[in-house]
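**Student:** Pasting final_11.txt below, which is compact mmCIF, C-alpha atoms.
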# COMPACT_ATOMS: atom_id res chain seq x y z
CA ILE N 72 81.71 9.14 113.21
CA LEU N 73 82.32 6.18 111.01
CA THR N 74 80.69 6.39 107.66
CA VAL N 75 80.74 4.26 104.59
CA GLY N 76 79.69 5.24 101.08
CA ALA N 77 79.01 3.08 98.05
CA ILE N 78 79.92 3.99 94.48
CA ALA N 79 77.79 2.64 91.66
CA ALA N 80 79.17 1.11 88.48
CA LEU N 81 78.23 4.27 86.56
CA GLY N 82 80.04 6.54 88.99
CA GLY N 83 77.12 7.77 91.09
CA VAL N 84 77.17 7.82 94.87
CA ILE N 85 74.48 5.35 95.97
CA TRP N 86 74.28 6.23 99.65
CA GLN N 87 73.70 9.76 100.90
CA ASP N 88 76.10 12.55 99.93
CA GLY N 89 79.00 12.79 102.34
CA GLY N 90 78.50 9.28 103.61
CA VAL N 91 76.30 7.24 105.92
CA ALA N 92 77.09 7.45 109.62
CA VAL N 93 78.46 4.29 111.13
CA CYS N 94 79.32 5.82 114.49
CA THR N 95 78.43 9.21 115.97
CA ALA N 96 79.60 8.52 119.54
CA ASP N 97 81.43 11.18 121.53
CA ASP N 98 85.19 11.64 121.35
CA THR N 99 87.45 10.42 118.57
CA GLN N 100 86.91 7.51 116.21
CA GLY N 101 89.80 6.77 113.88
CA TYR N 102 92.01 4.39 111.89
CA PRO N 103 89.17 2.51 110.18
CA LYS N 104 89.59 -0.66 108.16
CA ILE N 105 86.96 -2.34 106.00
CA ALA N 106 86.12 -5.82 104.71
CA PRO N 107 83.33 -7.03 102.39
CA ASP N 108 80.55 -9.06 104.00
CA GLY N 109 79.95 -11.19 100.89
CA SER N 110 76.40 -9.88 100.48
CA GLY N 111 76.99 -6.49 98.87
CA GLY N 112 77.73 -4.75 102.16
CA ALA N 113 80.77 -4.33 104.39
CA ILE N 114 82.04 -4.44 107.96
CA VAL N 115 84.02 -1.47 109.27
CA VAL N 116 86.28 -1.62 112.32
CA TRP N 117 87.91 1.31 114.08
CA LYS N 118 89.74 2.56 117.16
CA ASP N 119 87.37 4.45 119.46
CA SER N 120 88.19 6.75 122.39
CA ARG N 121 84.63 7.27 123.68
CA ASP N 122 84.62 7.51 127.48
CA SER N 123 88.44 7.71 127.26
CA LEU N 124 88.67 3.91 127.20
CA ASN N 125 90.32 3.40 123.79
CA GLY N 126 88.38 0.39 122.57
CA VAL N 127 87.88 -1.38 119.24
CA TYR N 128 84.42 -1.19 117.68
CA ALA N 129 82.78 -2.52 114.52
CA GLN N 130 79.67 -1.96 112.43
CA ARG N 131 78.12 -3.81 109.52
CA MET N 132 76.47 -1.86 106.69
CA ASP N 133 74.23 -3.50 104.12
CA GLY N 134 74.23 -2.74 100.41
CA VAL N 135 71.87 0.24 100.77
CA GLY N 136 73.84 1.84 103.59
CA THR N 137 71.80 0.71 106.59
CA ALA N 138 73.65 -0.10 109.80
CA LEU N 139 72.76 -3.66 110.80
CA TRP N 140 74.23 -3.79 114.30
CA MET N 141 73.64 -1.67 117.40
CA SER N 142 73.85 2.10 117.13
CA ASP N 143 77.44 3.37 117.17
CA GLY N 144 78.86 -0.10 116.73
CA VAL N 145 79.60 -3.31 118.61
CA THR N 146 82.36 -3.28 121.24
CA LEU N 147 85.06 -5.82 120.35
CA SER N 148 87.63 -4.80 122.95
CA LEU N 149 87.47 -2.54 125.96
CA PRO N 150 90.63 -3.31 127.96
CA SER N 151 90.79 -1.62 131.33
CA GLY N 152 93.95 0.43 131.77
CA ASN N 153 95.35 -0.37 128.32
CA SER N 154 95.05 1.46 125.03
CA VAL N 155 94.58 -0.34 121.74
CA TYR N 156 95.64 0.55 118.22
CA GLU N 157 96.17 -0.82 114.71
CA PRO N 158 92.77 -2.52 114.18
CA ARG N 159 92.82 -5.01 111.28
CA ILE N 160 89.98 -7.01 109.74
CA ALA N 161 89.48 -10.14 107.65
CA PRO N 162 86.12 -11.56 106.50
CA ASP N 163 85.08 -14.85 108.09
CA GLU N 164 83.34 -15.95 104.85
CA SER N 165 79.98 -16.14 106.69
CA GLY N 166 78.95 -12.49 106.78
CA GLY N 167 81.03 -11.69 109.86
CA ALA N 168 84.71 -10.96 110.44
CA VAL N 169 87.80 -11.64 112.50
CA VAL N 170 89.37 -8.47 113.90
CA ALA N 171 92.85 -8.11 115.40
CA TRP N 172 94.52 -5.22 117.21
CA VAL N 173 97.53 -4.30 119.33
CA ARG N 174 97.01 -3.88 123.07
CA SER N 175 99.62 -1.75 124.79
CA GLY N 176 100.93 -2.46 128.27
CA VAL N 177 104.19 -3.82 129.65
CA SER N 178 104.59 -5.11 126.09
CA ASP N 179 102.49 -4.48 123.00
CA ASP N 180 100.62 -7.69 122.17
CA ILE N 181 98.24 -8.92 119.45
CA TYR N 182 94.65 -9.81 120.35
CA ALA N 183 91.70 -10.85 118.19
CA GLN N 184 87.94 -11.34 118.26
CA ARG N 185 85.42 -12.82 115.85
CA VAL N 186 82.12 -11.05 115.29
CA TYR N 187 79.28 -13.01 113.72
CA SER N 188 77.07 -11.66 110.93
CA ASP N 189 74.44 -10.57 113.49
CA GLY N 190 76.95 -8.57 115.56
CA THR N 191 77.36 -11.05 118.40
CA LEU N 192 80.84 -11.95 119.58
CA ALA N 193 82.16 -15.48 119.19
CA TRP N 194 85.13 -15.69 121.53
CA SER N 195 85.69 -15.26 125.26
CA PRO N 196 86.44 -13.05 127.09
CA ALA N 197 84.16 -10.74 125.10
CA SER N 198 85.70 -7.51 126.36
CA ALA N 199 89.31 -8.50 125.75
CA GLY N 200 89.53 -11.02 122.91
CA VAL N 201 91.94 -13.92 122.38
CA GLY N 202 95.68 -13.37 122.68
CA LEU N 203 97.45 -14.27 119.44
CA CYS N 204 100.86 -13.31 120.77
CA THR N 205 101.71 -12.08 124.29
CA GLU N 206 105.48 -12.55 124.16
CA PRO N 207 107.75 -9.93 125.80
CA GLN N 208 108.65 -6.76 123.90
CA LYS N 209 106.47 -5.42 121.10
CA GLN N 210 104.40 -7.10 118.42
CA THR N 211 103.17 -4.43 115.96
CA ASN N 212 102.70 -3.59 112.27
CA HIS N 213 100.48 -6.67 111.96
CA GLN N 214 98.33 -7.79 109.04
CA LEU N 215 95.41 -10.22 108.94
CA VAL N 216 93.90 -12.55 106.33
CA SER N 217 91.10 -15.09 106.38
CA ASP N 218 92.06 -18.76 106.68
CA GLY N 219 89.02 -19.70 104.58
CA ALA N 220 87.41 -21.61 107.46
CA GLY N 221 86.03 -18.89 109.74
CA GLY N 222 89.36 -18.09 111.39
CA ALA N 223 92.32 -15.96 110.42
CA ILE N 224 96.10 -15.76 110.14
CA ALA N 225 98.05 -12.79 111.49
CA ALA N 226 101.65 -11.82 110.79
CA TRP N 227 103.59 -9.00 112.41
CA ARG N 228 106.88 -7.26 113.14
CA ASP N 229 108.29 -8.63 116.40
CA SER N 230 110.94 -7.05 118.64
CA ARG N 231 111.48 -9.94 121.09
CA ASN N 232 115.08 -10.29 119.79
CA VAL N 233 115.58 -6.73 118.56
CA VAL N 234 118.79 -5.99 120.48
CA ALA N 235 120.67 -9.02 119.17
CA ASN N 236 118.93 -9.61 115.87
CA GLY N 237 116.76 -6.66 114.82
CA TYR N 238 113.05 -6.84 114.08
CA ASP N 239 111.77 -10.27 112.98
CA ILE N 240 108.53 -11.57 111.44
CA TYR N 241 106.22 -13.99 113.26
CA ALA N 242 102.78 -15.41 112.47
CA GLN N 243 99.87 -17.12 114.21
CA ARG N 244 96.59 -18.77 113.18
CA VAL N 245 93.36 -18.69 115.16
CA TYR N 246 90.58 -21.15 114.37
CA SER N 247 86.94 -20.19 113.95
CA ASN N 248 86.30 -21.21 117.58
CA GLY N 249 89.00 -18.89 118.95
CA VAL N 250 91.62 -21.57 119.57
CA VAL N 251 95.16 -20.44 118.74
CA THR N 252 96.58 -23.28 116.70
CA TRP N 253 100.28 -22.81 116.08
CA ALA N 254 103.15 -22.58 118.61
CA SER N 255 102.17 -20.71 121.78
CA SER N 256 104.77 -18.04 121.06
CA ALA N 257 103.85 -17.99 117.32
CA VAL N 258 105.82 -19.41 114.39
CA THR N 259 108.88 -17.77 112.90
CA VAL N 260 108.51 -16.41 109.38
CA CYS N 261 111.91 -14.70 109.31
CA ALA N 262 114.47 -14.26 112.09
CA VAL N 263 117.66 -13.45 110.18
CA ALA N 264 119.90 -10.60 111.39
CA GLY N 265 118.81 -7.14 110.31
CA HIS N 266 115.40 -5.50 110.37
CA GLN N 267 112.38 -7.15 108.74
CA GLN N 268 109.30 -4.90 108.70
CA TYR N 269 106.42 -3.40 106.67
CA VAL N 270 104.62 -6.76 106.70
CA GLN N 271 101.95 -7.52 104.09
CA MET N 272 100.13 -10.80 103.44
CA THR N 273 97.52 -12.63 101.40
CA SER N 274 95.81 -16.02 101.61
CA ASP N 275 97.40 -18.96 99.80
CA GLY N 276 93.93 -20.44 99.21
CA ALA N 277 94.77 -23.58 101.21
CA GLY N 278 94.44 -22.48 104.82
CA GLY N 279 97.82 -20.77 104.92
CA ALA N 280 99.24 -17.39 103.93
CA ILE N 281 101.93 -15.75 101.83
CA VAL N 282 103.81 -13.03 103.70
CA THR N 283 106.04 -10.33 102.21
CA TRP N 284 108.20 -7.70 103.89
CA GLN N 285 110.97 -5.14 103.52
CA ASP N 286 114.32 -6.61 104.60
CA SER N 287 117.69 -5.05 105.52
CA ARG N 288 119.64 -8.28 106.16
CA ASP N 289 122.30 -7.68 103.51
CA SER N 290 123.11 -4.00 103.53
CA GLY N 291 121.53 -2.21 106.47
CA ALA N 292 118.72 0.27 106.76
CA THR N 293 119.83 2.40 103.79
CA SER N 294 119.46 -0.45 101.30
CA THR N 295 116.51 -2.79 101.73
CA ASP N 296 115.20 -5.72 99.69
CA ILE N 297 111.87 -7.51 99.28
CA TYR N 298 111.40 -11.04 100.62
CA VAL N 299 108.47 -13.44 100.74
CA GLN N 300 107.55 -16.63 102.62
CA ARG N 301 104.64 -19.06 102.51
CA VAL N 302 103.31 -20.45 105.78
CA GLY N 303 101.19 -23.57 105.44
CA SER N 304 97.95 -24.26 107.27
CA SER N 305 99.83 -26.12 110.02
CA GLY N 306 102.29 -23.26 110.61
CA SER N 307 105.26 -24.66 108.72
CA ALA N 308 107.37 -22.39 106.53
CA LEU N 309 107.08 -23.96 103.06
CA TRP N 310 109.82 -22.07 101.24
CA ALA N 311 113.50 -21.35 101.95
CA ALA N 312 114.36 -20.55 105.57
CA ASN N 313 113.92 -16.83 106.30
CA GLY N 314 112.20 -16.24 102.99
CA VAL N 315 112.76 -16.04 99.25
CA SER N 316 114.30 -12.90 97.74
CA LEU N 317 112.06 -11.19 95.18
CA CYS N 318 114.39 -8.30 94.55
CA ALA N 319 117.89 -7.73 95.94
CA THR N 320 119.22 -5.11 93.51
CA SER N 321 121.30 -2.19 94.77
CA GLY N 322 119.51 0.62 96.56
CA ALA N 323 116.29 0.39 98.53
CA GLN N 324 113.20 -1.54 97.51
CA GLN N 325 110.38 -0.39 99.76
CA GLN N 326 106.70 -0.55 100.73
CA PRO N 327 105.72 -3.97 99.34
CA ARG N 328 102.07 -4.81 98.67
CA ILE N 329 100.71 -8.27 97.87
CA ALA N 330 97.71 -9.91 96.18
CA THR N 331 96.80 -13.52 95.51
CA ASP N 332 97.23 -14.85 91.97
CA GLY N 333 94.31 -17.21 92.52
CA TYR N 334 96.48 -20.30 92.02
CA GLY N 335 98.29 -20.62 95.35
CA GLY N 336 100.92 -18.00 94.56
CA ALA N 337 100.98 -14.22 94.76
CA PHE N 338 101.86 -10.95 93.06
CA VAL N 339 104.10 -8.57 95.02
CA THR N 340 104.68 -4.97 94.01
CA TRP N 341 107.06 -2.37 95.44
CA GLN N 342 108.73 0.97 94.90
CA ASP N 343 112.38 1.02 93.84
CA GLN N 344 113.90 3.97 95.68
CA ALA N 345 116.93 4.25 93.39
CA THR N 346 114.94 4.56 90.17
CA GLN N 347 111.71 5.88 91.75
CA ASP N 348 109.78 3.33 89.68
CA ILE N 349 107.24 0.56 90.33
CA TYR N 350 108.12 -3.14 89.92
CA THR N 351 106.16 -6.36 90.40
CA GLN N 352 107.05 -10.03 90.75
CA ARG N 353 104.93 -13.18 90.74
CA VAL N 354 105.89 -15.99 93.08
CA LEU N 355 104.52 -19.45 92.35
CA PRO N 356 103.11 -21.89 94.97
CA ASP N 357 106.50 -23.63 95.28
CA GLY N 358 108.37 -20.38 95.95
CA THR N 359 109.96 -19.99 92.52
CA MET N 360 109.78 -16.76 90.56
CA ALA N 361 107.55 -16.72 87.50
CA TRP N 362 109.23 -13.67 85.98
CA PRO N 363 112.82 -12.41 85.53
CA THR N 364 115.00 -11.67 88.56
CA GLY N 365 114.12 -8.30 90.03
CA GLY N 366 110.57 -8.33 88.69
CA VAL N 367 108.94 -6.59 85.75
CA SER N 368 108.58 -2.84 85.46
CA VAL N 369 105.06 -1.52 85.87
CA CYS N 370 106.06 2.08 85.27
CA THR N 371 109.51 3.49 84.49
CA LYS N 372 108.41 6.94 83.39
CA SER N 373 110.80 9.70 84.47
CA GLY N 374 109.87 11.40 87.70
CA THR N 375 108.74 9.64 90.86
CA GLN N 376 106.27 6.78 91.08
CA GLY N 377 105.54 5.44 94.54
CA LEU N 378 103.26 3.95 97.18
CA PRO N 379 101.68 1.30 94.91
CA ASP N 380 98.68 -0.82 95.82
CA ILE N 381 97.63 -4.10 94.19
CA ALA N 382 94.56 -6.33 93.80
CA PRO N 383 93.82 -9.55 91.88
CA ASP N 384 91.98 -9.14 88.57
CA GLY N 385 90.16 -12.47 88.95
CA ALA N 386 91.68 -13.83 85.74
CA GLY N 387 95.15 -14.81 86.92
CA GLY N 388 96.59 -11.31 86.69
CA ALA N 389 96.83 -8.22 88.86
CA LEU N 390 95.59 -4.63 89.02
CA LEU N 391 97.87 -1.87 90.29
CA ALA N 392 97.52 1.82 91.16
CA TRP N 393 100.11 4.30 92.38
CA ARG N 394 100.99 7.92 93.09
CA ASP N 395 102.81 9.51 90.15
CA GLU N 396 104.92 12.68 89.72
CA ARG N 397 106.02 12.37 86.10
CA PRO N 398 107.15 15.49 84.17
CA GLY N 399 104.28 17.81 83.28
CA SER N 400 102.14 16.79 86.23
CA LYS N 401 100.40 19.46 88.31
CA GLY N 402 101.42 17.76 91.52
CA ARG N 403 100.96 14.09 92.40
CA ASP N 404 98.55 12.18 90.16
CA ILE N 405 97.00 8.70 90.15
CA TYR N 406 97.80 6.04 87.52
CA ALA N 407 96.86 2.37 87.13
CA GLN N 408 97.99 -0.69 85.17
CA ARG N 409 96.81 -4.26 84.64
CA ILE N 410 99.28 -7.11 84.13
CA ASP N 411 98.57 -10.68 83.13
CA GLY N 412 99.93 -13.86 84.68
CA SER N 413 103.03 -13.67 82.48
CA GLY N 414 103.91 -10.13 83.55
CA ASN N 415 102.70 -8.39 80.39
CA ALA N 416 101.15 -4.94 80.72
CA LEU N 417 97.62 -5.04 79.31
CA TRP N 418 96.93 -1.31 79.32
CA GLN N 419 98.89 1.61 77.89
CA THR N 420 102.62 1.88 78.56
CA ASP N 421 103.43 3.41 81.96
CA GLY N 422 99.81 3.25 83.06
CA VAL N 423 96.35 4.74 82.55
CA PRO N 424 95.85 8.18 84.13
CA LEU N 425 92.95 8.06 86.60
CA CYS N 426 93.31 11.56 87.99
CA LEU N 427 95.37 14.53 86.71
CA ALA N 428 93.72 17.19 88.83
CA ASP N 429 95.65 20.12 90.28
CA TYR N 430 97.72 19.82 93.44
CA GLU N 431 98.15 16.51 95.23
CA GLN N 432 96.43 13.13 95.09
CA ASN N 433 97.78 10.59 97.57
CA TYR N 434 97.17 7.48 99.70
CA VAL N 435 95.82 5.43 96.79
CA LYS N 436 93.90 2.17 97.40
CA ILE N 437 92.60 -0.33 94.84
CA SER N 438 89.99 -3.08 94.77
CA SER N 439 88.83 -5.38 91.99
CA ASP N 440 85.45 -4.46 90.52
CA GLY N 441 84.76 -8.18 90.11
CA PHE N 442 84.88 -8.05 86.30
CA GLY N 443 88.56 -7.61 85.45
CA GLY N 444 88.69 -3.90 86.21
CA ALA N 445 89.25 -1.91 89.38
CA VAL N 446 87.79 0.71 91.67
CA VAL N 447 90.50 3.06 92.92
CA THR N 448 90.15 5.62 95.71
CA TRP N 449 92.48 8.25 97.14
CA LYS N 450 92.63 11.37 99.27
CA ASP N 451 92.70 14.52 97.16
CA PHE N 452 93.94 18.09 97.77
CA ARG N 453 92.63 19.67 94.56
CA SER N 454 90.70 22.25 96.60
CA ASN N 455 94.08 23.52 97.85
CA SER N 456 92.61 23.85 101.33
CA GLU N 457 91.45 20.45 102.59
CA TRP N 458 91.84 16.75 101.84
CA ASP N 459 88.77 15.15 100.21
CA VAL N 460 87.94 11.64 98.97
CA TYR N 461 87.68 10.80 95.27
CA ALA N 462 87.34 7.55 93.35
CA GLN N 463 87.66 6.26 89.78
CA ARG N 464 86.81 3.03 88.00
CA VAL N 465 88.94 1.60 85.21
CA THR N 466 87.45 -1.20 83.13
CA ALA N 467 89.06 -4.54 82.24
CA SER N 468 90.18 -3.05 78.92
CA GLY N 469 91.81 -0.01 80.56
CA SER N 470 89.11 2.58 79.86
CA VAL N 471 88.30 5.15 82.53
CA ALA N 472 84.62 4.60 83.32
CA TRP N 473 83.67 7.57 85.50
CA TYR N 474 84.06 11.34 85.35
CA THR N 475 87.33 12.99 84.37
CA ASP N 476 89.66 13.06 87.40
CA GLY N 477 87.27 10.92 89.44
CA VAL N 478 83.98 10.98 91.31
CA THR N 479 83.65 13.12 94.43
CA VAL N 480 83.02 10.68 97.25
CA CYS N 481 83.25 13.25 100.04
CA ALA N 482 84.16 16.94 100.03
CA ALA N 483 82.77 17.80 103.47
CA THR N 484 84.34 20.50 105.62
CA GLY N 485 87.57 19.37 107.23
CA ASP N 486 90.07 16.74 106.11
CA GLN N 487 89.25 13.18 105.05
CA ASP N 488 92.00 10.60 105.54
CA GLU N 489 92.76 6.86 105.99
CA VAL N 490 90.82 5.90 102.85
CA TYR N 491 90.07 2.23 102.05
CA VAL N 492 87.92 0.48 99.44
CA VAL N 493 86.42 -3.00 99.00
CA THR N 494 84.28 -4.36 96.19
CA ASP N 495 80.49 -4.32 96.48
CA GLY N 496 80.24 -7.21 93.98
CA ARG N 497 78.37 -5.02 91.49
CA TRP N 498 81.18 -3.25 89.56
CA GLY N 499 81.40 -0.65 92.33
CA GLY N 500 83.01 -0.19 95.70
CA ILE N 501 82.33 0.57 99.35
CA ILE N 502 84.73 3.14 100.75
CA SER N 503 85.50 4.12 104.34
CA TRP N 504 87.61 6.94 105.75
CA GLU N 505 88.47 9.06 108.78
CA ASP N 506 86.75 12.46 108.81
CA SER N 507 87.31 15.73 110.71
CA ARG N 508 84.13 17.58 109.73
CA GLY N 509 82.77 17.48 113.29
CA ALA N 510 84.12 18.38 116.70
CA ASP N 511 86.10 15.13 116.83
CA ASP N 512 87.88 13.00 114.25
CA ASP N 513 85.30 10.69 112.69
CA ILE N 514 85.11 8.23 109.78
CA TYR N 515 83.11 8.50 106.54
CA ALA N 516 83.06 7.18 102.97
Spell out the structure here as structure tokens.
**Tutor:**
Amino acid sequence: ILTVGAIAALGGVIWQDGGVAVCTADDTQGYPKIAPDGSGGAIVVWKDSRDSLNGVYAQRMDGVGTALWMSDGVTLSLPSGNSVYEPRIAPDESGGAVVAWVRSGVSDDIYAQRVYSDGTLAWSPASAGVGLCTEPQKQTNHQLVSDGAGGAIAAWRDSRNVVANGYDIYAQRVYSNGVVTWASSAVTVCAVAGHQQYVQMTSDGAGGAIVTWQDSRDSGATSTDIYVQRVGSSGSALWAANGVSLCATSGAQQQPRIATDGYGGAFVTWQDQATQDIYTQRVLPDGTMAWPTGGVSVCTKSGTQGLPDIAPDGAGGALLAWRDERPGSKGRDIYAQRIDGSGNALWQTDGVPLCLADYEQNYVKISSDGFGGAVVTWKDFRSNSEWDVYAQRVTASGSVAWYTDGVTVCAATGDQDEVYVVTDGRWGGIISWEDSRGADDDIYA
């Protein structure tokens, strides 16, 4: 089952309790991703094993929770003899979306399909999609962003030279008509020795993308740094060859996340493994750093802060949320912070607590509420028996808007996992997740 739920600005669940079914087909549906449709609804994409064929499916939900496409979703990919995984989605700015996935086989390759706002497919062949990269070896860990013109840009970890060089980063653009536009084997984002992985990306607002990753070029797998590169609309790398270093301090900087700054640059946040703290850097459109070397500290409270997520605040700054284990906590909690374009924290030092409930809160995701604040969701173990889904809104001024420790989005029997949120354009959010309440793994929100 794939289900999506909407959370109102005042903290009330708008759609039915436990979520609205997006897919109730047999067998397992999992690994959902979600994108706004620009009209108060959302498109959800997932991996689907109905009939043991391992396809990619999608469904569009309107703002009141009604499924707009065929029952149980539209088939985007149904490759014969090959499994698919890692579905990713980017809005096409016209009520539809571009979806990309990995198809396994002799090598693992990246394919994509565009689905229009009415659920019809744009590219041929309809059952297989367009190949973005079919080079030998494996292309995985990909991300996808809109190109602003009905197409999309993908970037991924590539093992075509892994024996001699380690994992590299490549990228490709597909136009709105399904034509792959850059080099047939994709363009190189970074191919320096050492492993480059954990790819993240955002639009540059000009038909290109800004890509960030975790990089071990200087000191091996035990000490990794954060790099970034901008790829222009024509596929050219616009900054220094093999990327610009955002943070190369000793120890490991890990798990980068990225958000546009709205001016052609980006905010990148990461976890510093040595200090167990959260840092952020802003990179300008020309590839220079706006803030001091190594970034600004978002939270340096004692204890462990990790797995941050980031979203633009719509005013030239950024919104951040993370998992926090500071002294006195009852497990892992959820905190958030807003920073302006100069790197100044706008809310209380070391972050606003969004949830301090017992036991563990984890897998935090954040989306702008469209008015300077954020909607944050996470999976929650406060019941001490199963993972549930909770959410909280924090206003532009840093005030917690909903109930103490968050709104219950779903506490159905079984675990809820793989939680994601996008804005509904009305101070709230639309949330999707994977759900085990039934006989098979499903997805709710």
**Student:** Which is closest to N:Gly278 among N:Ser321, N:Thr95, N:Gln408, N:Ser217, if we use all atoms listed in the file?
**Tutor:**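 Among the listed residues, the smallest separation from N:Gly278 belongs to N:Ser217.
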**Student:** List the neighbours of N:Ser230 out to 9 Å using all atoms listed in the file; skip same-chain residues closer than 4 positions along the sequence, and give me the result as a CSV table (one decimal) with C-alpha atoms, in the frame of the given file.
**Tutor:**
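The result, stored in result38.csv:
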chain,number,residue,atom,x,y,z
N,207,PRO,CA,107.8,-9.9,125.8
N,208,GLN,CA,108.6,-6.8,123.9
N,209,LYS,CA,106.5,-5.4,121.1
N,210,GLN,CA,104.4,-7.1,118.4
N,211,THR,CA,103.2,-4.4,116.0
N,234,VAL,CA,118.8,-6.0,120.5
N,236,ASN,CA,118.9,-9.6,115.9
N,237,GLY,CA,116.8,-6.7,114.8
N,238,TYR,CA,113.0,-6.8,114.1
N,239,ASP,CA,111.8,-10.3,113.0
N,240,ILE,CA,108.5,-11.6,111.4
**Student:** What separation in Å, quoted to one decimal, exists between atom CA of N:Gln285 and atom CA of N:Val302?
**Tutor:**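 Answer for the atom CA of N:Gln285 to atom CA of N:Val302 separation: 17.3 Å.
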**Student:** Quick one: everything within 6 Å of stretch 420-426 of chain N, counting only C-alpha atoms, minus sequence neighbours fewer than 6 positions away in the same chain. Send it as a ChimeraX atom specification.
**Tutor:** /N:370,404-408,476
**Student:** Quick one: residues within 12 Å of N:Tyr515, only C-alpha atoms, excluding same-chain residues fewer than 3 positions away - as a ChimeraX atom specification?
**Tutor:** /N:72-77,86-95,100-105,115,117,136,459-460,480-483,485-492,501-509,512
**Student:** N:Pro383, N:Gly499, N:Gly314, N:Gly303: which is nearest N:Asp332, counting all atoms listed in the file?
**Tutor:**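 That would be N:Pro383, the residue with the smallest distance to N:Asp332.
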**Student:** Would you please work out which residue, of N:Leu139, N:Arg244, N:Ala257, N:Leu192, is nearest to N:Glu206 when using all atoms listed in the file?
**Tutor:** N:Ala257
**Student:** From the options N:Glu164, N:Asp189, N:Asp119, N:Asp440, which residue's atoms come nearest to N:Ala138, counting only C-alpha atoms?
**Tutor:** N:Asp189
**Student:** Quick one: distance from atom CA of N:Tyr474 to atom CA of N:Pro398 in Å, one decimal?
**Tutor:**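 A separation of 23.5 Å between them.
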**Student:** List the neighbours of N:Thr346 out to 10 Å using all atoms listed in the file; skip same-chain residues closer than 2 positions along the sequence, and give me the result as a list in words.
**Tutor:**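 In the requested form, the answer reads Gly322, Ala323, Gln324, Gln342, Asp343, Gln344, Asp348, Ile349, Thr371, Lys372, Ser373, Gly374, Thr375 and Gln376 of chain N.
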**Student:** Export, as an mmCIF file, in the frame of the given file, the selected residues with C-alpha atoms.
**Tutor:**
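Output file part_21.cif is given in full below:
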data_model
loop_
_atom_site.group_PDB
_atom_site.id
_atom_site.type_symbol
_atom_site.label_atom_id
_atom_site.label_comp_id
_atom_site.auth_asym_id
_atom_site.auth_seq_id
_atom_site.Cartn_x
_atom_site.Cartn_y
_atom_site.Cartn_z
ATOM 1 C CA GLY N 322 119.510 0.620 96.560
ATOM 2 C CA ALA N 323 116.290 0.390 98.530
ATOM 3 C CA GLN N 324 113.200 -1.540 97.510
ATOM 4 C CA GLN N 342 108.730 0.970 94.900
ATOM 5 C CA ASP N 343 112.380 1.020 93.840
ATOM 6 C CA GLN N 344 113.900 3.970 95.680
ATOM 7 C CA ASP N 348 109.780 3.330 89.680
ATOM 8 C CA ILE N 349 107.240 0.560 90.330
ATOM 9 C CA THR N 371 109.510 3.490 84.490
ATOM 10 C CA LYS N 372 108.410 6.940 83.390
ATOM 11 C CA SER N 373 110.800 9.700 84.470
ATOM 12 C CA GLY N 374 109.870 11.400 87.700
ATOM 13 C CA THR N 375 108.740 9.640 90.860
ATOM 14 C CA GLN N 376 106.270 6.780 91.080
#
**Student:** Record the distance separating atom CA of N:Val84 and atom CA of N:Glu457, expressed in Å with one decimal.
**Tutor:**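 According to the coordinates, atom CA of N:Val84 and atom CA of N:Glu457 are separated by 20.6 Å.
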**Student:** Which is closest to N:Ser400 among N:Val250, N:Leu427, N:Ile329, N:Arg497, if we use all atoms listed in the file?
**Tutor:** N:Leu427
